[in-house]
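Peer 1: Structure below; questions to follow.
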Amino acid sequence: MDASRVEVTDGVSLNVHSWDGDGVPFVLVHGLASNARLWDGVAEELAARGHRVIAVDQRGHGRSDKPDDGYDFETVCADLVALIGSMGLDRPVVAGQSWGGQVVVELAARRPELVRGIACVDGGWIDLSRFATFEDCAAVMSPRRTTGLAFAEIDAMMRRRHPDWPESGLAGALACFEVRDDGTVAPWLSFDRHLAILRAMWEQRIPEVLAQVQVPTLLLPCDDGSGSDHIAGKRRAVDVAEAKLAVSRTHWFQAEHDVHAQYPDQVASVLAGALDDGFFPA
């Protein structure tokens, strides 16, 4: 894996992890308050199959620049357009997890000629407009405050909550935080920028966006087995997405939301398999 920086607009550069390969390229896009490292396991498996792989820290996240603005979908999609062009990627498959799924759906709707297909990993159908006001949305969806907690506490919490995750997934989750000299942490994504992204998601009308997507779309939703109202709602949302999309395929995982960190080999196998059997055009 090589790390580099790619300038996507004046004054804003993104941190990029890349794996060499001669096969169809993949671009991997993380979720809200996440980072590129959560894709490490998936990227390594795709690279082992011969694919070129690019995982990116989106603006405000990880080691990328953190401007005060530009967290709307138009701008974050423009970041990906610039990244694809700068790295000379020929119609990659672009996969996004959670909020990243929302981003890749927007990218496919806006610039279909740039991608041969997209994959939405437990996201891409999230409709926060179900909240009557943004204040209602923020009250439910705002992140837990973690600034000032000890890194050792965060590490222990991650391992306790995710006992079956591989080390690549745990390391990726821990990379969501800056570790300070005193051993405490702060999330790379600031609280205000987190809220700016939530507002963009609340304003997004995802069924309308999905109806504009014409490229093959692989849906990878997760059912954690809880039988909760949340899972029932997700199943209804996936049904809506399947009805709106021009070309789609759905593969359900029995897994947590961060399935790419929990089961990277399985996620990579489904992604690569969609190329091998022709769902994504060669």
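Every chain in the structure tokens has a letter given in the order shown (A, B, ...), and although residue numbers restart at 1 in each chain, ligands are simply numbered from 1 in the order shown.
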What parts of segment 8-187 of chain A does DSSP call strand (DSSP E or B)? I'd like the answer as a VMD selection string.

Peer 2: chain A and resid 8 to 9 12 to 19 23 to 29 51 to 56 93 to 97 117 to 121 150 177 to 179 184 to 187

Peer 1: So that I can see what lies close to Ala282 of chain A, please list as an MDAnalysis selection string the residues with an atom at most 10 Å from it, counting only C-alpha atoms and leaving out residues fewer than 5 positions away in the same chain.

Peer 2: chainID A and resid 23:24 91 116 275:277

Peer 1: Could you write out that same residue set with C-alpha atoms as a PDB file, in the first residue's frame?

Peer 2:
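After the write, result.pdb holds the following:
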ATOM      1  CA  GLY A  23      -7.390  -5.239 -13.304  1.00  0.00           C
ATOM      2  CA  VAL A  24     -10.481  -3.056 -13.248  1.00  0.00           C
ATOM      3  CA  ARG A  91     -14.235   3.843 -15.269  1.00  0.00           C
ATOM      4  CA  ARG A 116     -18.791   1.270 -14.739  1.00  0.00           C
ATOM      5  CA  LEU A 275     -17.120  -8.112 -12.162  1.00  0.00           C
ATOM      6  CA  ASP A 276     -16.340 -11.753 -12.833  1.00  0.00           C
ATOM      7  CA  ASP A 277     -19.935 -12.639 -13.736  1.00  0.00           C
TER       8      ASP A 277
END

Peer 1: Quick one: which segment 177-209 of chain A residues come within 9 Å of segment 63-71 of chain A, and what is the nearest atom pair for each with the distance in Å to one decimal, counting only C-alpha atoms, rows ordered by chain and ascending number, as a tab-separated table?

Peer 2:
residue	atom	partner	partner_atom	distance
A:Trp188	CA	A:Arg63	CA	7.9
A:Leu189	CA	A:Lys66	CA	8.0
A:Ser190	CA	A:Lys66	CA	8.9
A:Asp192	CA	A:Asp68	CA	8.8
A:Arg193	CA	A:Asp68	CA	7.2
A:His194	CA	A:Tyr71	CA	8.8
A:Ala196	CA	A:Tyr71	CA	6.3
A:Ile197	CA	A:Tyr71	CA	5.6
A:Ala200	CA	A:Tyr71	CA	7.4

Peer 1: Just the selected residues (C-alpha atoms), exported as a JSON list (two decimals), in the first residue's frame, please.

Peer 2:
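As a result, part.json now contains:
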[["chain", "number", "residue", "atom", "x", "y", "z"],
["A", 188, "TRP", "CA", -10.61, 13.74, 12.95],
["A", 189, "LEU", "CA", -14.06, 14.98, 11.84],
["A", 190, "SER", "CA", -15.11, 17.95, 13.96],
["A", 192, "ASP", "CA", -19.63, 21.10, 13.36],
["A", 193, "ARG", "CA", -18.53, 19.42, 10.12],
["A", 194, "HIS", "CA", -20.30, 16.24, 11.19],
["A", 196, "ALA", "CA", -22.93, 19.88, 8.12],
["A", 197, "ILE", "CA", -22.85, 16.42, 6.52],
["A", 200, "ALA", "CA", -26.77, 17.55, 3.56]]

Peer 1: Go ahead and compute the interatomic distance for atom CA of Asp127 of chain A and atom CA of Gly225 of chain A, in Å to one decimal.

Peer 2: 21.6 Å

Peer 1: With a distance cut-off of 7 Å and only C-alpha atoms, select the neighbouring residues of segment 39-56 of chain A, excluding the residue or stretch itself and same-chain residues fewer than 3 positions from it, and output the selection as a PyMOL selection string.

Peer 2: chain A and resi 14-29+36+168+260-261+264-265+267-268

Peer 1: Using only C-alpha atoms for the distances, tell me which of A:Val209, A:Gly62, A:Asp122, A:Ala150 is nearest to Phe253 of chain A.

Peer 2: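 Ranked by minimum distance to Phe253 of chain A, first place goes to A:Asp122.
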
Peer 1: Just the residues within 12 Å of segment 177-184 of chain A, please, counting only C-alpha atoms, with nothing from its chain fewer than 5 positions along; format it as a ChimeraX atom specification.

Peer 2: /A:33-35,37,61-63,145-155,171-172,189-190

Peer 1: Rank nothing, just name the residue among A:Ile84, A:Met141, A:Leu38, A:Val103 nearest to Val6 of chain A, using only C-alpha atoms.

Peer 2: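 The answer is A:Ile84, which sits nearest to Val6 of chain A.
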
Peer 1: Please identify which residues in segment 16-232 of chain A DSSP calls alpha helix (DSSP H) from the backbone, and express them as a ChimeraX atom specification.

Peer 2: /A:40-48,73-86,99-110,134-141,151-161,167-174,191-203,206-210,229-232

Peer 1: If we count only C-alpha atoms and set the cut-off at 10 Å, which residues sit around segment 227-239 of chain A, ignoring sequence neighbours fewer than 3 positions away in its own chain? Please answer as JSON, numbers by chain.

Peer 2: {"A": [122, 123, 124, 125, 126, 127, 207, 219, 220, 221, 222, 223, 224, 242, 243, 244, 250, 252]}

Peer 1: My list of candidates is A:Ser269, A:Ser13, A:Gln262, A:Gln58. Which is closest to His162 of chain A when distances are computed with only C-alpha atoms?

Peer 2: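 Under the stated criterion, the closest residue is A:Gln262.
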
Peer 1: For Val270 of chain A, which of A:Val247, A:Leu210, A:Ala95, A:Cys176 is the closest residue, counting only C-alpha atoms?

Peer 2: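 Of the candidates, the smallest distance to Val270 of chain A is held by A:Ala95.
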
Peer 1: For Ser248 of chain A, which residue out of A:Leu32, A:Cys120, A:Met201, A:Ala138 is the nearest one, using only C-alpha atoms?

Peer 2: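 Distance minimum relative to Ser248 of chain A lands on A:Cys120.
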
Peer 1: Leaving out Phe131 of chain A and any residue of its chain fewer than 6 positions from it, which residues lie within 10 Å of it when counting only C-alpha atoms, given as an MDAnalysis selection string?

Peer 2: chainID A and resid 137:138 140 202

Peer 1: What separation in Å, quoted to one decimal, exists between atom CA of Val215 of chain A and atom CA of Val93 of chain A?

Peer 2: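 A separation of 10.2 Å between them.
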